[in-house]
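Structure data follow from my_file.csv (CSV, C-alpha atoms):
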chain,number,residue,atom,x,y,z
A,266,MET,CA,-1.8,-15.6,24.0
A,267,THR,CA,0.3,-17.6,26.4
A,268,VAL,CA,3.9,-16.9,27.1
A,269,GLN,CA,4.8,-20.2,25.3
A,270,ALA,CA,2.9,-19.1,22.2
A,271,SER,CA,4.4,-15.7,22.3
A,272,GLN,CA,7.9,-17.1,22.5
A,273,ASN,CA,7.1,-19.5,19.6
A,274,GLU,CA,5.8,-16.5,17.6
A,275,SER,CA,9.0,-14.5,18.3
A,276,ALA,CA,11.1,-17.5,17.2
A,277,LEU,CA,9.1,-17.7,14.0
A,278,VAL,CA,9.7,-14.0,13.4
A,279,CYS,CA,13.5,-14.5,13.9
A,280,ALA,CA,13.4,-17.4,11.4
A,281,ALA,CA,11.3,-15.4,9.0
A,282,GLN,CA,13.8,-12.5,9.2
A,283,ARG,CA,16.4,-15.1,7.9
A,284,ARG,CA,14.2,-15.6,4.8
A,285,ASP,CA,12.7,-18.8,6.1
A,286,LYS,CA,9.6,-19.1,3.9
A,287,GLU,CA,7.9,-21.8,6.0
A,288,ALA,CA,8.3,-19.8,9.2
A,289,LEU,CA,6.8,-16.7,7.6
A,290,GLN,CA,3.9,-18.7,6.2
A,291,LEU,CA,3.2,-20.3,9.6
A,292,LEU,CA,3.5,-16.9,11.2
A,293,LEU,CA,0.9,-15.4,8.9
A,294,ALA,CA,-1.4,-18.5,9.2
A,295,HIS,CA,-1.4,-18.0,13.0
A,296,ASN,CA,-2.6,-14.5,12.6
A,297,TRP,CA,-4.8,-15.0,9.5
A,298,ALA,CA,-8.3,-14.9,11.1
A,299,TRP,CA,-8.0,-11.6,12.9
A,300,LEU,CA,-6.0,-10.1,10.0
A,301,LYS,CA,-8.8,-11.0,7.6
A,302,GLY,CA,-11.4,-9.5,10.1
A,303,LEU,CA,-9.4,-6.3,10.4
A,304,VAL,CA,-9.1,-5.9,6.6
A,305,PHE,CA,-12.8,-6.6,6.2
A,306,SER,CA,-13.7,-4.1,8.9
A,307,ILE,CA,-11.9,-1.4,6.9
A,308,VAL,CA,-12.5,-2.4,3.3
A,309,GLY,CA,-16.1,-3.4,4.0
A,310,ASP,CA,-16.5,-5.8,1.1
A,311,PRO,CA,-15.6,-9.5,1.7
A,312,GLY,CA,-14.9,-9.9,-2.0
A,313,GLU,CA,-12.0,-7.5,-1.9
A,314,VAL,CA,-10.3,-8.8,1.2
A,315,ASP,CA,-8.1,-11.3,-0.6
A,316,ASP,CA,-6.5,-8.6,-2.8
A,317,VAL,CA,-5.6,-6.5,0.2
A,318,LEU,CA,-4.3,-9.6,2.1
A,319,GLN,CA,-2.0,-10.4,-0.8
A,320,ASP,CA,-0.6,-6.9,-0.8
A,321,ILE,CA,-0.1,-7.2,3.0
A,322,CYS,CA,1.7,-10.5,2.5
A,323,VAL,CA,4.0,-8.9,0.0
A,324,ARG,CA,4.7,-6.0,2.3
A,325,VAL,CA,5.4,-8.4,5.2
A,326,ILE,CA,7.8,-10.5,3.1
A,327,ALA,CA,9.6,-7.3,2.0
A,328,LYS,CA,9.7,-5.6,5.4
A,329,ILE,CA,9.9,-8.4,8.0
A,330,ASP,CA,13.7,-7.8,8.4
A,331,THR,CA,13.0,-4.2,9.5
A,332,LEU,CA,11.1,-5.4,12.6
A,333,ARG,CA,13.4,-4.8,15.5
A,334,GLU,CA,11.3,-6.4,18.3
A,335,PRO,CA,10.1,-9.8,17.3
A,336,GLU,CA,7.7,-9.9,20.3
A,337,ARG,CA,5.9,-6.9,18.8
A,338,PHE,CA,5.0,-8.7,15.6
A,339,ARG,CA,1.3,-8.6,16.0
A,340,PRO,CA,0.9,-4.8,16.5
A,341,TRP,CA,3.4,-4.3,13.7
A,342,LEU,CA,1.4,-6.5,11.4
A,343,ALA,CA,-1.8,-4.7,12.4
A,344,MET,CA,-0.3,-1.3,11.6
A,345,LEU,CA,0.9,-2.5,8.2
A,346,ALA,CA,-2.5,-4.1,7.5
A,347,ARG,CA,-4.4,-1.0,8.5
A,348,ARG,CA,-2.3,1.2,6.2
A,349,GLN,CA,-2.6,-1.2,3.3
A,350,ALA,CA,-6.4,-1.5,3.7
A,351,LEU,CA,-6.8,2.3,4.0
A,352,ARG,CA,-4.7,2.8,0.9
A,353,TYR,CA,-6.8,0.3,-0.9
A,354,ARG,CA,-10.0,2.0,0.2
A,355,GLN,CA,-8.7,5.4,-0.9
A,356,GLN,CA,-7.7,4.1,-4.3
A,357,LYS,CA,-11.1,2.4,-4.7
A,358,ALA,CA,-12.9,5.6,-3.8
A,359,ARG,CA,-11.0,7.4,-6.7
A,360,ARG,CA,-12.0,4.7,-9.2
A,361,PRO,CA,-15.2,5.4,-11.2
A,362,VAL,CA,-18.0,2.8,-10.4
A,363,PRO,CA,-20.0,1.6,-13.3
A,364,LEU,CA,-23.8,1.9,-12.8
A,365,SER,CA,-24.3,-1.8,-13.3
A,366,ALA,CA,-22.0,-2.6,-10.4
A,367,GLY,CA,-24.1,-0.5,-8.1
A,368,LEU,CA,-27.2,-2.3,-9.2
A,369,LEU,CA,-25.6,-5.7,-8.7
A,370,ALA,CA,-24.3,-4.7,-5.3
A,371,GLU,CA,-27.8,-4.0,-4.1
A,372,ASP,CA,-28.9,-7.4,-5.1
A,373,GLN,CA,-25.9,-9.1,-3.5
A,374,GLU,CA,-26.2,-11.1,-0.3
A,375,PRO,CA,-23.8,-13.3,1.6
A,376,ALA,CA,-23.5,-16.8,0.3
A,377,GLU,CA,-24.6,-18.2,3.7
A,378,PHE,CA,-28.0,-16.5,3.4
A,379,LYS,CA,-28.7,-18.0,0.0
A,380,PHE,CA,-27.5,-21.4,0.9
A,381,GLY,CA,-29.7,-21.5,4.0
A,382,ARG,CA,-32.8,-20.5,2.1
A,383,LYS,CA,-32.3,-23.2,-0.4
A,384,ALA,CA,-31.5,-25.9,2.1
A,385,ASP,CA,-34.7,-25.6,4.1
A,386,GLY,CA,-37.7,-23.4,3.4
A,387,GLY,CA,-39.4,-23.6,6.8
A,388,ILE,CA,-40.8,-20.5,8.4
A,389,GLU,CA,-38.4,-20.7,11.3
A,390,ALA,CA,-35.5,-21.0,8.9
A,391,ILE,CA,-36.7,-18.0,6.9
A,392,GLU,CA,-37.0,-15.9,10.0
A,393,ARG,CA,-33.6,-17.0,11.1
A,394,GLN,CA,-32.2,-16.0,7.7
A,395,GLU,CA,-34.0,-12.7,7.9
A,396,GLN,CA,-32.6,-12.0,11.3
A,397,CYS,CA,-29.1,-12.9,10.2
A,398,ARG,CA,-29.5,-10.5,7.3
A,399,ARG,CA,-30.5,-7.7,9.6
A,400,ILE,CA,-27.6,-8.4,12.0
A,401,TRP,CA,-25.2,-8.4,9.1
A,402,GLU,CA,-26.5,-5.2,7.7
A,403,ALA,CA,-26.2,-3.7,11.2
A,404,VAL,CA,-22.6,-4.9,11.5
A,405,GLN,CA,-21.7,-3.4,8.2
A,406,SER,CA,-23.4,-0.1,9.1
A,407,LEU,CA,-21.5,0.3,12.3
A,408,PRO,CA,-19.0,3.3,12.5
A,409,GLU,CA,-15.6,1.9,11.6
A,410,LYS,CA,-14.0,2.0,15.1
A,411,TYR,CA,-16.9,0.0,16.5
A,412,ARG,CA,-17.0,-2.4,13.6
A,413,GLN,CA,-13.2,-3.1,14.0
A,414,VAL,CA,-13.6,-4.1,17.6
A,415,PHE,CA,-16.7,-6.1,17.0
A,416,VAL,CA,-15.4,-8.1,14.0
A,417,LEU,CA,-12.0,-8.7,15.6
A,418,GLN,CA,-13.6,-10.0,18.7
A,419,HIS,CA,-15.7,-12.5,16.6
A,420,ALA,CA,-13.1,-13.3,14.0
A,421,GLY,CA,-9.9,-13.9,15.8
A,422,ASP,CA,-10.8,-15.6,19.0
A,423,LEU,CA,-8.8,-12.9,20.7
A,424,THR,CA,-8.7,-11.6,24.3
A,425,TYR,CA,-9.6,-8.0,25.0
A,426,ALA,CA,-5.9,-7.3,25.7
A,427,GLN,CA,-5.0,-8.7,22.3
A,428,VAL,CA,-7.6,-6.6,20.5
A,429,ALA,CA,-6.4,-3.6,22.4
A,430,GLU,CA,-2.8,-4.4,21.3
A,431,ILE,CA,-3.8,-4.8,17.7
A,432,LEU,CA,-5.8,-1.6,17.6
A,433,ASP,CA,-3.4,0.3,19.7
A,434,VAL,CA,-6.1,1.5,22.2
A,435,PRO,CA,-6.5,1.0,25.9
A,436,LEU,CA,-8.2,-2.1,27.1
A,437,THR,CA,-11.2,-0.2,28.6
A,438,THR,CA,-11.7,1.4,25.2
A,439,VAL,CA,-12.1,-2.1,23.7
A,440,GLN,CA,-14.7,-3.0,26.4
A,441,ILE,CA,-16.7,0.1,25.9
A,442,ARG,CA,-16.6,0.0,22.1
A,443,LEU,CA,-17.8,-3.6,22.2
A,444,VAL,CA,-20.7,-2.8,24.5
A,445,ARG,CA,-21.7,0.1,22.3
A,446,ALA,CA,-21.4,-1.9,19.1
A,447,ARG,CA,-23.6,-4.6,20.5
A,448,ARG,CA,-26.1,-2.0,21.6
A,449,MET,CA,-26.2,-0.3,18.2
A,450,ILE,CA,-26.7,-3.7,16.5
A,451,CYS,CA,-29.5,-4.7,18.8
A,452,ASP,CA,-31.2,-1.4,18.4
A,453,ARG,CA,-30.9,-1.5,14.6
A,454,VAL,CA,-32.2,-5.1,14.4
A,455,ALA,CA,-35.1,-4.2,16.7
A,456,GLY,CA,-35.8,-1.0,14.7
A,457,ARG,CA,-35.1,1.2,17.8
A,458,ASP,CA,-33.4,4.5,17.1
A,459,ALA,CA,-31.1,3.0,14.5
A,460,ASN,CA,-29.4,6.2,13.6
A,461,LYS,CA,-28.1,6.9,17.0
A,462,VAL,CA,-24.3,7.1,17.1
A,463,TRP,CA,-22.6,6.8,20.5
A,464,GLU,CA,-19.7,9.0,21.3
A,465,GLU,CA,-17.0,8.1,23.8
B,287,MET,CA,-26.2,-1.6,38.4
B,288,ASN,CA,-26.8,0.7,35.5
B,289,GLN,CA,-27.5,-0.5,32.0
B,290,GLU,CA,-24.1,0.1,30.5
B,291,ILE,CA,-22.2,-1.6,33.4
B,292,LEU,CA,-24.6,-4.5,33.1
B,293,GLU,CA,-24.0,-4.8,29.4
B,294,ILE,CA,-20.2,-4.6,30.0
B,295,VAL,CA,-20.4,-7.5,32.5
B,296,ILE,CA,-22.6,-9.6,30.3
B,297,GLY,CA,-20.3,-8.9,27.4
B,298,LYS,CA,-17.3,-10.1,29.4
B,299,HIS,CA,-19.3,-13.1,30.4
B,300,LEU,CA,-20.1,-13.9,26.8
B,301,ASP,CA,-16.5,-13.3,25.7
B,302,GLY,CA,-15.0,-15.4,28.5
B,303,GLU,CA,-13.3,-12.4,30.1
B,304,ILE,CA,-15.3,-12.2,33.2
B,305,THR,CA,-13.6,-12.5,36.6
B,306,PRO,CA,-15.0,-14.7,39.4
B,307,GLY,CA,-16.0,-11.5,41.4
B,308,GLU,CA,-17.8,-10.0,38.4
B,309,GLN,CA,-19.5,-13.4,37.7
B,310,ARG,CA,-20.9,-13.4,41.3
B,311,ILE,CA,-22.2,-9.8,40.8
B,312,LEU,CA,-23.8,-10.8,37.5
B,313,ASP,CA,-25.5,-13.9,39.0
B,314,VAL,CA,-27.0,-11.7,41.8
B,315,GLU,CA,-28.2,-9.2,39.2
B,316,LEU,CA,-29.8,-12.0,37.1
B,317,ASP,CA,-31.6,-13.4,40.1
B,318,ARG,CA,-32.8,-9.9,41.2
B,319,ASP,CA,-33.8,-8.3,37.9
B,320,PRO,CA,-35.7,-10.3,35.2
B,321,ARG,CA,-34.8,-7.6,32.6
B,322,ALA,CA,-31.1,-8.5,33.2
B,323,ALA,CA,-31.9,-12.1,32.3
B,324,GLU,CA,-33.8,-10.9,29.2
B,325,LEU,CA,-30.8,-8.7,28.2
B,326,LEU,CA,-28.5,-11.7,28.7
B,327,GLY,CA,-30.6,-13.8,26.4
B,328,GLU,CA,-30.7,-11.1,23.7
B,329,LEU,CA,-27.0,-10.5,23.8
B,330,ARG,CA,-26.1,-14.2,23.9
B,331,ASP,CA,-28.3,-14.7,20.8
B,332,LEU,CA,-26.5,-11.7,19.1
B,333,HIS,CA,-23.1,-13.1,20.1
B,334,GLU,CA,-23.8,-16.5,18.6
B,335,ARG,CA,-25.2,-15.2,15.4
B,336,SER,CA,-22.4,-12.7,15.0
B,337,SER,CA,-19.8,-15.4,15.4
B,338,GLU,CA,-21.5,-17.5,12.8
B,339,LEU,CA,-21.9,-14.6,10.4
B,340,VAL,CA,-18.3,-13.4,10.7
B,341,GLY,CA,-17.2,-17.0,10.3
B,342,SER,CA,-19.3,-17.6,7.1
B,343,CYS,CA,-19.3,-14.1,5.5
B,344,VAL,CA,-15.7,-13.1,6.2
B,345,LEU,CA,-13.5,-16.0,7.3
B,346,GLY,CA,-15.3,-18.6,5.1
B,347,GLN,CA,-14.9,-16.5,1.9
B,348,GLY,CA,-12.0,-16.1,-0.5
B,349,ALA,CA,-8.9,-18.1,-1.3
B,350,ALA,CA,-6.9,-20.3,1.1
B,351,PRO,CA,-4.2,-18.5,3.1
B,352,GLY,CA,-1.5,-20.7,1.6
B,353,ASP,CA,-2.5,-19.8,-1.9
B,354,ILE,CA,-2.5,-16.1,-1.2
B,355,PHE,CA,0.8,-16.4,0.6
B,356,GLU,CA,2.3,-18.3,-2.3
B,357,GLN,CA,1.2,-15.7,-4.8
B,358,ALA,CA,2.6,-12.9,-2.6
B,359,TRP,CA,5.9,-14.8,-2.3
B,360,GLN,CA,6.1,-15.1,-6.1
B,361,GLN,CA,5.3,-11.4,-6.4
B,362,ALA,CA,7.9,-10.4,-3.8
B,363,GLU,CA,10.5,-12.5,-5.6
B,364,HIS,CA,9.9,-10.6,-8.8
B,365,PRO,CA,10.2,-7.0,-7.9
B,366,VAL,CA,9.8,-5.9,-11.6
B,367,ARG,CA,6.4,-7.5,-11.8
B,368,ARG,CA,5.6,-6.0,-8.4
B,369,THR,CA,6.6,-2.6,-9.6
B,370,LEU,CA,4.6,-3.0,-12.8
B,371,LYS,CA,1.6,-4.0,-10.8
B,372,ARG,CA,1.9,-1.1,-8.4
B,373,VAL,CA,2.7,1.6,-10.9
B,374,GLY,CA,0.6,0.2,-13.7
B,375,TYR,CA,1.6,-1.0,-17.1
B,376,VAL,CA,0.3,2.2,-18.8
B,377,HIS,CA,2.4,4.4,-16.5
B,378,VAL,CA,5.5,2.4,-17.2
B,379,ALA,CA,4.9,2.5,-20.9
B,380,VAL,CA,4.4,6.3,-20.8
B,381,GLY,CA,7.6,6.6,-18.8
B,382,VAL,CA,9.6,4.5,-21.3
B,383,ALA,CA,8.2,6.6,-24.2
B,384,ALA,CA,9.1,9.8,-22.4
B,385,GLY,CA,12.6,8.6,-21.8
B,386,PHE,CA,13.0,7.7,-25.4
B,387,VAL,CA,11.9,11.1,-26.5
B,388,MET,CA,14.3,12.7,-24.0
B,389,GLY,CA,17.1,10.5,-25.4
B,390,LEU,CA,16.4,11.7,-28.9
B,391,ALA,CA,16.4,15.3,-27.8
B,392,VAL,CA,19.8,14.8,-26.1
B,393,GLN,CA,21.2,13.1,-29.1
B,394,PHE,CA,20.1,15.6,-31.8
B,395,VAL,CA,19.5,19.0,-30.1
B,396,LEU,CA,22.0,19.4,-27.4
B,397,PRO,CA,25.2,18.8,-29.5
B,398,GLY,CA,24.3,21.7,-31.7
B,399,ALA,CA,23.5,23.9,-28.8
B,400,SER,CA,26.6,23.1,-26.9
B,401,ALA,CA,29.1,23.1,-29.8
B,402,PRO,CA,32.0,25.5,-29.2
B,403,GLN,CA,31.5,28.9,-30.7
B,404,ASN,CA,34.2,29.9,-33.2
B,405,GLY,CA,36.0,32.5,-31.3
B,406,PRO,CA,39.1,33.3,-29.3
B,407,ALA,CA,37.6,31.8,-26.1
B,408,ALA,CA,37.6,28.3,-27.6
B,409,SER,CA,39.1,26.2,-24.9
B,410,ASP,CA,40.9,23.6,-27.0
B,411,VAL,CA,43.1,26.0,-28.9
B,412,VAL,CA,46.6,24.4,-29.1
B,413,ALA,CA,49.7,26.5,-29.7
B,414,ARG,CA,52.1,25.0,-32.0
B,415,ASN,CA,55.8,25.4,-32.4
B,416,VAL,CA,56.2,27.3,-35.6
B,417,ALA,CA,59.9,26.6,-35.7
B,418,ASP,CA,59.1,22.9,-36.1
B,419,PRO,CA,58.7,22.3,-39.8
B,420,MET,CA,56.6,19.2,-39.1
B,421,GLU,CA,54.0,21.4,-37.5
B,422,LEU,CA,54.0,24.1,-40.0
B,423,GLU,CA,51.3,23.2,-42.4
B,424,VAL,CA,51.0,25.3,-45.5
B,425,PRO,CA,47.5,24.9,-46.8
B,426,SER,CA,47.2,23.9,-50.4
B,427,PHE,CA,45.0,26.4,-52.0
B,428,SER,CA,44.4,24.2,-54.9
B,429,GLU,CA,42.4,21.8,-52.8
B,430,LEU,CA,40.1,24.6,-51.5
B,431,PRO,CA,36.8,25.4,-53.2
B,432,VAL,CA,36.9,28.7,-55.2
B,433,ASP,CA,34.3,31.5,-55.6
B,434,PRO,CA,33.1,32.6,-59.1
B,435,SER,CA,36.0,35.0,-59.4
B,436,GLY,CA,38.5,32.2,-58.8
B,437,ASN,CA,39.6,33.1,-55.2
B,438,PRO,CA,39.8,30.2,-52.8
B,439,ILE,CA,37.1,30.0,-50.1
B,440,ARG,CA,38.6,29.2,-46.8
B,441,ASN,CA,36.4,28.5,-43.8
B,442,VAL,CA,38.5,30.1,-41.1
B,443,ASP,CA,38.3,32.6,-38.3
B,444,TRP,CA,40.8,35.3,-37.5
B,445,TYR,CA,42.1,36.1,-34.1
B,446,ASN,CA,44.2,39.0,-32.8
B,447,PHE,CA,46.8,38.0,-30.2
B,448,THR,CA,49.3,40.1,-28.3
B,449,ASP,CA,52.2,38.4,-26.7
B,450,LYS,CA,54.1,39.4,-23.5
B,451,LEU,CA,56.5,41.5,-25.5
B,452,GLY,CA,53.7,43.5,-27.1
B,453,ASN,CA,54.0,42.0,-30.5
B,454,GLN,CA,50.7,41.6,-32.3
B,455,TRP,CA,49.8,38.4,-34.1
B,456,LEU,CA,47.1,37.7,-36.6
B,457,ILE,CA,46.1,34.0,-36.2
B,458,GLU,CA,44.1,32.0,-38.6
B,459,GLY,CA,41.9,29.5,-36.9
B,460,LEU,CA,40.4,26.7,-38.8
B,461,ARG,CA,37.0,25.6,-37.6
B,462,GLU,CA,38.2,22.1,-36.8
B,463,SER,CA,39.4,23.6,-33.5
B,464,THR,CA,43.0,23.6,-34.5
B,465,VAL,CA,45.3,26.5,-34.8
B,466,ARG,CA,47.8,26.8,-37.6
B,467,PRO,CA,50.1,29.7,-38.4
B,468,ALA,CA,48.7,32.0,-40.9
B,469,ALA,CA,50.2,31.7,-44.4
B,470,TYR,CA,50.2,34.8,-46.4
B,471,SER,CA,50.5,34.5,-50.1
B,472,THR,CA,50.6,38.2,-51.1
B,473,ASP,CA,50.1,41.6,-49.4
B,474,LEU,CA,48.1,40.9,-46.3
Reformat the file's structure so that it appears as C-alpha cells.
Amino acid sequence: MTVQASQNESALVCAAQRRDKEALQLLLAHNWAWLKGLVFSIVGDPGEVDDVLQDICVRVIAKIDTLREPERFRPWLAMLARRQALRYRQQKARRPVPLSAGLLAEDQEPAEFKFGRKADGGIEAIERQEQCRRIWEAVQSLPEKYRQVFVLQHAGDLTYAQVAEILDVPLTTVQIRLVRARRMICDRVAGRDANKVWEE
Amino acid sequence: MNQEILEIVIGKHLDGEITPGEQRILDVELDRDPRAAELLGELRDLHERSSELVGSCVLGQGAAPGDIFEQAWQQAEHPVRRTLKRVGYVHVAVGVAAGFVMGLAVQFVLPGASAPQNGPAASDVVARNVADPMELEVPSFSELPVDPSGNPIRNVDWYNFTDKLGNQWLIEGLRESTVRPAAYSTDL
C-alpha cells in the first residue's frame, strides 16, 4: 500500500469513528478480498464465510471507536477477524452434524468445477478441471498457517509486507511459508509424499 | 543455489516481489539449469491456477459486500436483536422465565420469612405518653372475639420493662406493632 493510500485509509478510519456509515463501508470494501480469504482459511468452508463476515462487520461497527491508531486499522481488523472466525469454528465444532450433511459434503464441489464441465466436455477441459480439483483439495488440506499465507497471497493482491502485517509474523516467515505451501501443494497434486508436513 | 532458495526466488518472481539483483541471479540459474526452468513452469502454472481458484471458489462466492455490511449495520443499530441472536432466543426465554419465578418467590415467600417476630426486640416499638388522654386507648372488650367460656380473646404479647428508677412495667403489645398501655380490668 502506498503512503497516499495509507493516509486515505487513516482518514476513512477517523471518519468511521465519527459514525460515518459510508466511510466505514468504503473502508471495509477496500479490505474485503483479503478479509474474505483470511476467514475462509480459518473456517474452511466458503459457504460459511458470509456469516462470519457479517459478525465481523458488526464488531467493527461497534468497536471502531476504540481503535487508537488509525494507521493500524489493517492489523486490528485482521486480529478481530481471526478471533471471530476461530470462535465460529469452535461453536461449529460443538454443534452436532447430521449424517445427511456429511454425505452431502462429500458430494459437494466448487461451482466453478461444475460450470466448466458443463460448458465444454473436451478431454483437455476435463483434465484441467481435474487438476483444479486436485489443487483445491491440496489447498484445503494445507496446515492452517500455510493455508492462511497462501490464500491471502492469492486473494488480496497483497505484498509480502502486508501479509506479514495482517498475520503479525516476520516477513521472512511469510516467504518461507509460501514456498512450503507451494511445495506441499505440488507434491500432493503430483502424488509425491503428500502427507509430509514441513516444520519451520 | 539449493532447491528452497531457488523456490523462494521463483516465488518472489511470480508474486512480483523480486529485486533486480535477485532477478539477475534467477536468470543465470534458469540458463544454467534446465530443472530450474522446469520448476519455474510448474510453479507458474500452480500460481495461475491458484489465483483462479481462490477467485472463483472464495471471492466469487457469497453475498455482495454492500449487502453484508448493510445487514450488519442494521444489526448493530438494534442491539436487542443482536443480543437475541448472540445469546439465542431459547436462552433469553429461559432467563425471563427464571426471573419471573424469582419474582414470585420474592413476592410470596420472603415477606413471611422477614416479618418482625413478636418480641421485645421489635424495632418499631413506639413509646407513648400515657398522660396524654388522646394516646390512651382503652380497648373495648365488647369488640373482641370471645372463647367458649365467654372471656375475650386478645391477640397480644406481654413484655417486661424496667425503667431507670428500677420500676418494673408490664406492657401489652398488640401484634400490629404498636404499643399501648396495659389496661387491667380486675386483679392482674
Handout entry: Straight-line distance linking atom CA of B:Gly352 with atom CA of A:Trp299, stated in Å to one decimal
Key =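 According to the coordinates, atom CA of B:Gly352 and atom CA of A:Trp299 are separated by 15.9 Å.
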A:Glu402 surroundings by all atoms listed in the file, 10 Å radius, close-in-sequence under 4 positions cut, as a PDB file with C-alpha atoms, in the frame of the given file:
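Final output, part-v6.pdb:
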ATOM      1  CA  GLU A 374     -26.200 -11.100  -0.300  1.00  0.00           C
ATOM      2  CA  GLN A 396     -32.600 -12.000  11.300  1.00  0.00           C
ATOM      3  CA  CYS A 397     -29.100 -12.900  10.200  1.00  0.00           C
ATOM      4  CA  ARG A 398     -29.500 -10.500   7.300  1.00  0.00           C
ATOM      5  CA  SER A 406     -23.400  -0.100   9.100  1.00  0.00           C
ATOM      6  CA  LEU A 407     -21.500   0.300  12.300  1.00  0.00           C
ATOM      7  CA  ILE A 450     -26.700  -3.700  16.500  1.00  0.00           C
ATOM      8  CA  ARG A 453     -30.900  -1.500  14.600  1.00  0.00           C
ATOM      9  CA  VAL A 454     -32.200  -5.100  14.400  1.00  0.00           C
TER      10      VAL A 454
END
Exercise for the section: Find the residues in chain B near chain A: any atom within 8 Å counts, using all atoms listed in the file. Write them as a list in words. Expected result: Glu290, Glu293, Ile294, Gly297, Glu303, Leu329, Leu332, Arg335, Ser336, Ser337, Leu339, Val340, Gly341, Ser342, Cys343, Val344, Leu345, Gln347, Gly348, Ala349, Pro351, Gly352, Ile354, Phe355, Gln357, Ala358, Trp359, Gln361 and Ala362 of chain B
Exercise for the section: Quick one: pull the distance between atom CA of B:Gly389 and atom CA of B:Val376, Å, one decimal. Expected result: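 Separation of atom CA of B:Gly389 and atom CA of B:Val376: 19.9 Å.
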Exercise for the section: Tell me, in Å to one decimal, how far atom CA of A:Glu334 is from atom CA of B:Glu363. Expected result: 24.7 Å
Handout entry: Non-local contacts of A:Ala288 (12 Å; only C-alpha atoms; under 3 positions in same chain excluded) as a count of residues only
Key = 21
Problem - Residue neighbourhood stretch 310-318 of chain B, 10 Å, only C-alpha atoms, exclusion window fewer than 4 positions, as a ChimeraX atom specification - result: /B:287,292,295-296,299,304-306,322-326
Handout entry: Selected residue, from A:Gln427, A:Lys357, A:Val414, A:Ile388, that lies nearest to A:Ser271 when counting only C-alpha atoms
Key = A:Gln427
Exercise for the section: List the neighbours of A:Glu430 out to 12 Å using only C-alpha atoms; skip same-chain residues closer than 6 positions along the sequence, and give me the result as a ChimeraX atom specification. Expected result: /A:266,336-344,414,417,423-424,436-439
